[in-house]
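Undergrad: Pasting a structure below so you can have a look.
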Amino acid sequence: MILHSILDGIGKTPIVSLSRLFGESRCEVLAKLEMFNPGGSIKDRPAHYIIERGLADGSISPKSHIIESSSGNFAIALAMVCRMRGLRFTAVVDPKLSPVNCQIIQCYGGNIELVTERDRQGGYLETRIERVKHMLREQPDAVWTNQYANERNWQSHYNGEGEEILRDLDQPVDYLVLGVSTSGTIHGITRRLREAWPGLKVIPVDAFGSVLFGTQPAVRELPGLGASRVPELLKRDELGQVIHVDDYESAIACRQLVKHEGIFAGGSSGSVIAAIQRFSAHLLKPARFLTILPDRGERYLDTVYNDQWLLRMKERHFARISKQFTDTPLAQTV
Ligand SMILES: Cc1ncc(COP(=O)(O)O)c(C=O)c1O
């Protein structure tokens, strides 16, 4: 097959059975490998869809300056798509930006706009959004893709992975287990699959320390999963009971994934694997699971695949567990 451009390579992602990792559990676990997308992650899909649909309906023109508050996979994906469509792109980032991601965005020709002032919460999220709004006021050609509120985000997954899964699987799965950040992925795939499989149960996976499902904010280091504000797109009543996974549990599961399956994946891939391990251990009969592995491991060499970092996360993990235990009244433990 000869592709017209690299953008036509978006979405050609395989489904793999994780039978070596889950062989003993009697459960079947299928994983769709979104790391096979040309920009290296699942975020190629919303970036491509938002830009193409915008160009088609005129809300984006060849003169537009695309702006997004992101320093991660979405910014990289937008930089790639904008390069191919001849659009200017600026990623509004903060000092927590990983140097590798900064370089990748720049290699694609994207600009970096760095904010350094902290917001009222002590983070940078509000400052970044303020900078985006300032750029929109100052530059008539500026367009904010706004992945947390843009309906085309979930639609890209509905028409993308949702459609492909139904094409590739001839039997329904019992459980769909997916990581959540903007919620575009989980809503898009769930809405499409439930049209064909109305009984599908959906388990969202969030990072410990994220506020998406009403829990308290806490320090978390892995990007990709979770959020420090609730996205406009998130519709809690469409999803099942959430499973929270911390950085240490995610990293351990990533290392199991590479050891048993030869899949070198990013942090949130470990999060969904850890969630399935925890959930399936309580099942009375075998079940069929489907999950998504959103990106590759290279962007996590300083974290998930670094032993010193892992040790730090291990200490934090056990400190949290023992605090939880000592905070629980005795009556609730017996
Ligand atoms: C690296 C990465 N990208 C994207 C996603 C999907 O998140 P969203 O809810 O923003 O579609 C996840 C979720 O696990 C992720 O880990």
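Letters A, B, ... go to the chains of the structure tokens in the order shown; residues in each chain start at 1; ligands are counted from 1 in the same order.
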Residues within 7 Å of ligand 1 should be enumerated using only C-alpha atoms and all ligand atoms and returned as a PyMOL selection string.
TA: chain A and resi 41-43+73+178-186+223-225+266-269+294-295
Undergrad: Using all heavy atoms, can you write the selected residues to a file as a compact mmCIF listing (two decimals), in the first residue's frame?
TA:
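Saved file selection-v3.txt follows:
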```txt
# COMPACT_ATOMS: atom_id res chain seq x y z
N SER A 41 1.50 8.62 18.93
CA SER A 41 0.48 8.48 19.98
C SER A 41 -0.93 8.57 19.43
O SER A 41 -1.16 8.97 18.29
CB SER A 41 0.65 9.56 21.06
OG SER A 41 -0.02 10.74 20.68
N ILE A 42 -1.85 8.28 20.33
CA ILE A 42 -3.29 8.34 20.04
C ILE A 42 -3.72 9.76 19.66
O ILE A 42 -4.76 9.94 19.02
CB ILE A 42 -4.06 7.84 21.29
CG1 ILE A 42 -5.50 7.53 20.97
CG2 ILE A 42 -3.95 8.83 22.45
CD1 ILE A 42 -6.21 6.76 22.05
N LYS A 43 -2.95 10.75 20.06
CA LYS A 43 -3.36 12.15 19.84
C LYS A 43 -3.27 12.58 18.38
O LYS A 43 -3.78 13.65 18.03
CB LYS A 43 -2.55 13.10 20.73
CG LYS A 43 -2.89 12.97 22.20
CD LYS A 43 -4.28 13.48 22.51
CE LYS A 43 -4.63 13.29 23.98
NZ LYS A 43 -5.99 13.72 24.30
N ASN A 73 1.71 14.87 23.96
CA ASN A 73 1.43 14.20 22.69
C ASN A 73 0.53 15.01 21.77
O ASN A 73 0.68 14.95 20.55
CB ASN A 73 0.77 12.85 22.98
CG ASN A 73 1.75 11.85 23.56
OD1 ASN A 73 2.95 11.92 23.29
ND2 ASN A 73 1.26 10.93 24.37
N LEU A 178 -10.31 2.05 29.77
CA LEU A 178 -9.55 3.10 29.08
C LEU A 178 -9.10 4.20 30.02
O LEU A 178 -9.85 4.62 30.93
CB LEU A 178 -10.42 3.75 27.99
CG LEU A 178 -10.84 2.87 26.81
CD1 LEU A 178 -11.63 3.70 25.81
CD2 LEU A 178 -9.64 2.24 26.12
N GLY A 179 -7.90 4.71 29.77
CA GLY A 179 -7.40 5.86 30.50
C GLY A 179 -8.15 7.11 30.09
O GLY A 179 -8.66 7.21 28.97
N VAL A 180 -8.22 8.08 31.03
CA VAL A 180 -8.97 9.32 30.76
C VAL A 180 -8.10 10.53 31.07
O VAL A 180 -7.42 10.59 32.10
CB VAL A 180 -10.25 9.41 31.64
CG1 VAL A 180 -11.07 10.63 31.26
CG2 VAL A 180 -11.08 8.15 31.52
N SER A 181 -8.17 11.49 30.15
CA SER A 181 -7.58 12.80 30.42
C SER A 181 -8.59 13.86 29.96
O SER A 181 -9.35 14.39 30.76
CB SER A 181 -6.23 12.93 29.72
OG SER A 181 -5.70 14.20 29.99
N THR A 182 -8.65 14.15 28.66
CA THR A 182 -9.71 15.07 28.19
C THR A 182 -11.06 14.35 28.16
O THR A 182 -12.09 14.98 28.08
CB THR A 182 -9.43 15.55 26.75
OG1 THR A 182 -9.49 14.44 25.86
CG2 THR A 182 -8.08 16.23 26.65
N SER A 183 -11.03 13.03 28.13
CA SER A 183 -12.18 12.11 28.00
C SER A 183 -12.62 11.92 26.55
O SER A 183 -13.61 11.20 26.29
CB SER A 183 -13.38 12.50 28.88
OG SER A 183 -14.06 13.62 28.36
N GLY A 184 -11.91 12.51 25.60
CA GLY A 184 -12.25 12.33 24.19
C GLY A 184 -12.19 10.87 23.77
O GLY A 184 -13.11 10.37 23.11
N THR A 185 -11.14 10.17 24.16
CA THR A 185 -10.97 8.77 23.75
C THR A 185 -12.10 7.91 24.30
O THR A 185 -12.77 7.18 23.56
CB THR A 185 -9.63 8.21 24.28
OG1 THR A 185 -8.57 9.04 23.80
CG2 THR A 185 -9.41 6.79 23.83
N ILE A 186 -12.33 7.99 25.61
CA ILE A 186 -13.30 7.07 26.23
C ILE A 186 -14.71 7.35 25.71
O ILE A 186 -15.48 6.42 25.43
CB ILE A 186 -13.19 7.10 27.78
CG1 ILE A 186 -13.85 5.85 28.36
CG2 ILE A 186 -13.78 8.37 28.39
CD1 ILE A 186 -13.47 5.57 29.80
N PRO A 223 2.75 12.17 32.70
CA PRO A 223 1.81 12.91 31.86
C PRO A 223 0.90 11.94 31.11
O PRO A 223 1.11 10.74 31.13
CB PRO A 223 2.73 13.64 30.89
CG PRO A 223 3.91 12.75 30.75
CD PRO A 223 4.07 12.04 32.09
N GLY A 224 -0.14 12.48 30.49
CA GLY A 224 -1.00 11.65 29.63
C GLY A 224 -2.31 11.31 30.29
O GLY A 224 -3.37 11.56 29.75
N LEU A 225 -2.24 10.76 31.50
CA LEU A 225 -3.45 10.31 32.19
C LEU A 225 -3.84 11.33 33.26
O LEU A 225 -2.98 11.89 33.93
CB LEU A 225 -3.13 8.97 32.86
CG LEU A 225 -4.29 8.19 33.44
CD1 LEU A 225 -5.22 7.72 32.34
CD2 LEU A 225 -3.78 6.98 34.22
N GLY A 266 4.22 3.71 26.92
CA GLY A 266 4.25 4.85 27.83
C GLY A 266 3.51 4.59 29.13
O GLY A 266 2.84 3.56 29.28
N GLY A 267 3.61 5.54 30.05
CA GLY A 267 3.12 5.38 31.42
C GLY A 267 1.66 4.97 31.52
O GLY A 267 1.30 4.07 32.30
N SER A 268 0.78 5.60 30.74
CA SER A 268 -0.65 5.32 30.91
C SER A 268 -1.02 3.94 30.37
O SER A 268 -2.08 3.42 30.71
CB SER A 268 -1.47 6.40 30.22
OG SER A 268 -1.23 6.33 28.85
N SER A 269 -0.17 3.35 29.53
CA SER A 269 -0.43 1.97 29.11
C SER A 269 -0.29 1.07 30.32
O SER A 269 -1.08 0.13 30.52
CB SER A 269 0.58 1.54 28.03
OG SER A 269 0.43 2.35 26.89
N PRO A 294 -1.82 3.98 24.62
CA PRO A 294 -1.82 5.26 23.89
C PRO A 294 -0.49 5.69 23.27
O PRO A 294 -0.50 6.39 22.26
CB PRO A 294 -2.24 6.29 24.93
CG PRO A 294 -2.89 5.51 26.01
CD PRO A 294 -2.19 4.19 26.04
N ASP A 295 0.65 5.35 23.88
CA ASP A 295 1.91 5.83 23.26
C ASP A 295 3.09 4.93 23.59
O ASP A 295 2.97 3.98 24.36
CB ASP A 295 2.19 7.31 23.59
CG ASP A 295 2.41 7.57 25.07
OD1 ASP A 295 2.35 6.62 25.87
OD2 ASP A 295 2.66 8.74 25.44
```
Undergrad: Could you please write out, as a list in words, every residue of stretch 170-326 of chain A that DSSP assigns to strand (DSSP E)?
TA: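 Checking each residue of stretch 170-326 of chain A, the strand (DSSP E) ones are Tyr175, Leu176, Val177, Leu178, Gly179, Lys201, Val202, Ile203, Pro204, Val205, Asp206, Ala207, Ile243, His244, Val245, Arg288, Phe289, Leu290, Thr291, Ile292 and Leu293 of chain A.
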Undergrad: Restricting the calculation to only C-alpha atoms: of A:His317, A:Asp174, A:Ser98, A:Arg152, which residue gets closest to A:Leu283?
TA: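 For A:Leu283, the nearest of the given residues is A:Asp174.
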Undergrad: Return the single residue from A:Ser280, A:Asn306, A:Gln256, A:Asn111 that is closest to A:Glu28, with distances computed using only C-alpha atoms.
TA: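 Smallest distance to A:Glu28 is found for A:Ser280.
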Undergrad: Within 9 Å of A:Arg288, counting only C-alpha atoms, which residues qualify if same-chain residues fewer than 2 places away don't, as a list in words?
TA: Cys27, Glu28, Val29, Leu30, Pro172, Val173, Asp174, Tyr175, Leu176, Pro286 and Leu290 of chain A
Undergrad: Please produce a file of those selected residues containing all heavy atoms, as a tab-separated table (two decimals), in the first residue's frame.
TA:
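Output file out-v1.tsv is given in full below:
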```
chain	number	residue	atom	x	y	z
A	27	CYS	N	-8.52	-14.65	31.73
A	27	CYS	CA	-9.22	-13.58	31.01
A	27	CYS	C	-8.51	-13.34	29.69
A	27	CYS	O	-7.30	-13.52	29.59
A	27	CYS	CB	-9.19	-12.29	31.83
A	27	CYS	SG	-10.29	-12.37	33.25
A	28	GLU	N	-9.29	-12.91	28.69
A	28	GLU	CA	-8.67	-12.52	27.42
A	28	GLU	C	-8.55	-11.00	27.42
A	28	GLU	O	-9.53	-10.30	27.68
A	28	GLU	CB	-9.54	-12.98	26.24
A	28	GLU	CG	-8.87	-12.68	24.92
A	28	GLU	CD	-9.73	-13.03	23.70
A	28	GLU	OE1	-10.93	-13.29	23.88
A	28	GLU	OE2	-9.20	-13.02	22.59
A	29	VAL	N	-7.34	-10.51	27.18
A	29	VAL	CA	-7.14	-9.05	27.17
A	29	VAL	C	-6.59	-8.65	25.80
A	29	VAL	O	-5.52	-9.12	25.39
A	29	VAL	CB	-6.18	-8.62	28.30
A	29	VAL	CG1	-5.95	-7.11	28.26
A	29	VAL	CG2	-6.73	-9.03	29.66
A	30	LEU	N	-7.34	-7.80	25.12
A	30	LEU	CA	-6.93	-7.31	23.81
A	30	LEU	C	-6.52	-5.84	23.94
A	30	LEU	O	-7.16	-5.07	24.65
A	30	LEU	CB	-8.10	-7.41	22.82
A	30	LEU	CG	-8.73	-8.79	22.67
A	30	LEU	CD1	-9.97	-8.72	21.79
A	30	LEU	CD2	-7.70	-9.77	22.09
A	172	PRO	N	-18.26	-9.36	20.68
A	172	PRO	CA	-18.17	-8.25	21.62
A	172	PRO	C	-17.20	-8.55	22.77
A	172	PRO	O	-16.90	-9.71	23.03
A	172	PRO	CB	-19.59	-8.11	22.19
A	172	PRO	CG	-20.44	-9.08	21.46
A	172	PRO	CD	-19.57	-9.99	20.65
A	173	VAL	N	-16.73	-7.51	23.43
A	173	VAL	CA	-15.95	-7.71	24.65
A	173	VAL	C	-16.88	-7.41	25.83
A	173	VAL	O	-17.91	-6.78	25.66
A	173	VAL	CB	-14.70	-6.79	24.69
A	173	VAL	CG1	-13.75	-7.13	23.56
A	173	VAL	CG2	-15.08	-5.32	24.68
A	174	ASP	N	-16.50	-7.89	27.03
A	174	ASP	CA	-17.32	-7.61	28.22
A	174	ASP	C	-16.99	-6.24	28.80
A	174	ASP	O	-17.88	-5.51	29.23
A	174	ASP	CB	-17.04	-8.67	29.30
A	174	ASP	CG	-17.35	-10.07	28.81
A	174	ASP	OD1	-18.51	-10.29	28.43
A	174	ASP	OD2	-16.43	-10.91	28.75
A	175	TYR	N	-15.69	-5.92	28.82
A	175	TYR	CA	-15.26	-4.69	29.47
A	175	TYR	C	-14.34	-3.88	28.56
A	175	TYR	O	-13.40	-4.44	27.97
A	175	TYR	CB	-14.47	-4.98	30.76
A	175	TYR	CG	-15.28	-5.68	31.82
A	175	TYR	CD1	-15.20	-7.06	31.97
A	175	TYR	CD2	-16.12	-4.96	32.67
A	175	TYR	CE1	-15.94	-7.72	32.95
A	175	TYR	CE2	-16.86	-5.61	33.64
A	175	TYR	CZ	-16.77	-6.99	33.78
A	175	TYR	OH	-17.50	-7.62	34.74
A	176	LEU	N	-14.61	-2.58	28.51
A	176	LEU	CA	-13.69	-1.65	27.84
A	176	LEU	C	-13.01	-0.87	28.97
A	176	LEU	O	-13.69	-0.24	29.79
A	176	LEU	CB	-14.52	-0.71	26.96
A	176	LEU	CG	-13.77	0.37	26.20
A	176	LEU	CD1	-12.88	-0.25	25.13
A	176	LEU	CD2	-14.76	1.34	25.53
A	286	PRO	N	-14.21	-15.96	33.92
A	286	PRO	CA	-13.33	-15.28	32.96
A	286	PRO	C	-14.10	-14.27	32.11
A	286	PRO	O	-15.28	-14.46	31.84
A	286	PRO	CB	-12.83	-16.42	32.07
A	286	PRO	CG	-13.12	-17.68	32.80
A	286	PRO	CD	-14.26	-17.41	33.71
A	290	LEU	N	-11.03	-5.20	26.54
A	290	LEU	CA	-10.36	-4.45	25.46
A	290	LEU	C	-9.81	-3.16	26.06
A	290	LEU	O	-10.49	-2.48	26.84
A	290	LEU	CB	-11.37	-4.11	24.36
A	290	LEU	CG	-10.85	-3.21	23.23
A	290	LEU	CD1	-9.74	-3.88	22.43
A	290	LEU	CD2	-11.99	-2.82	22.28
```
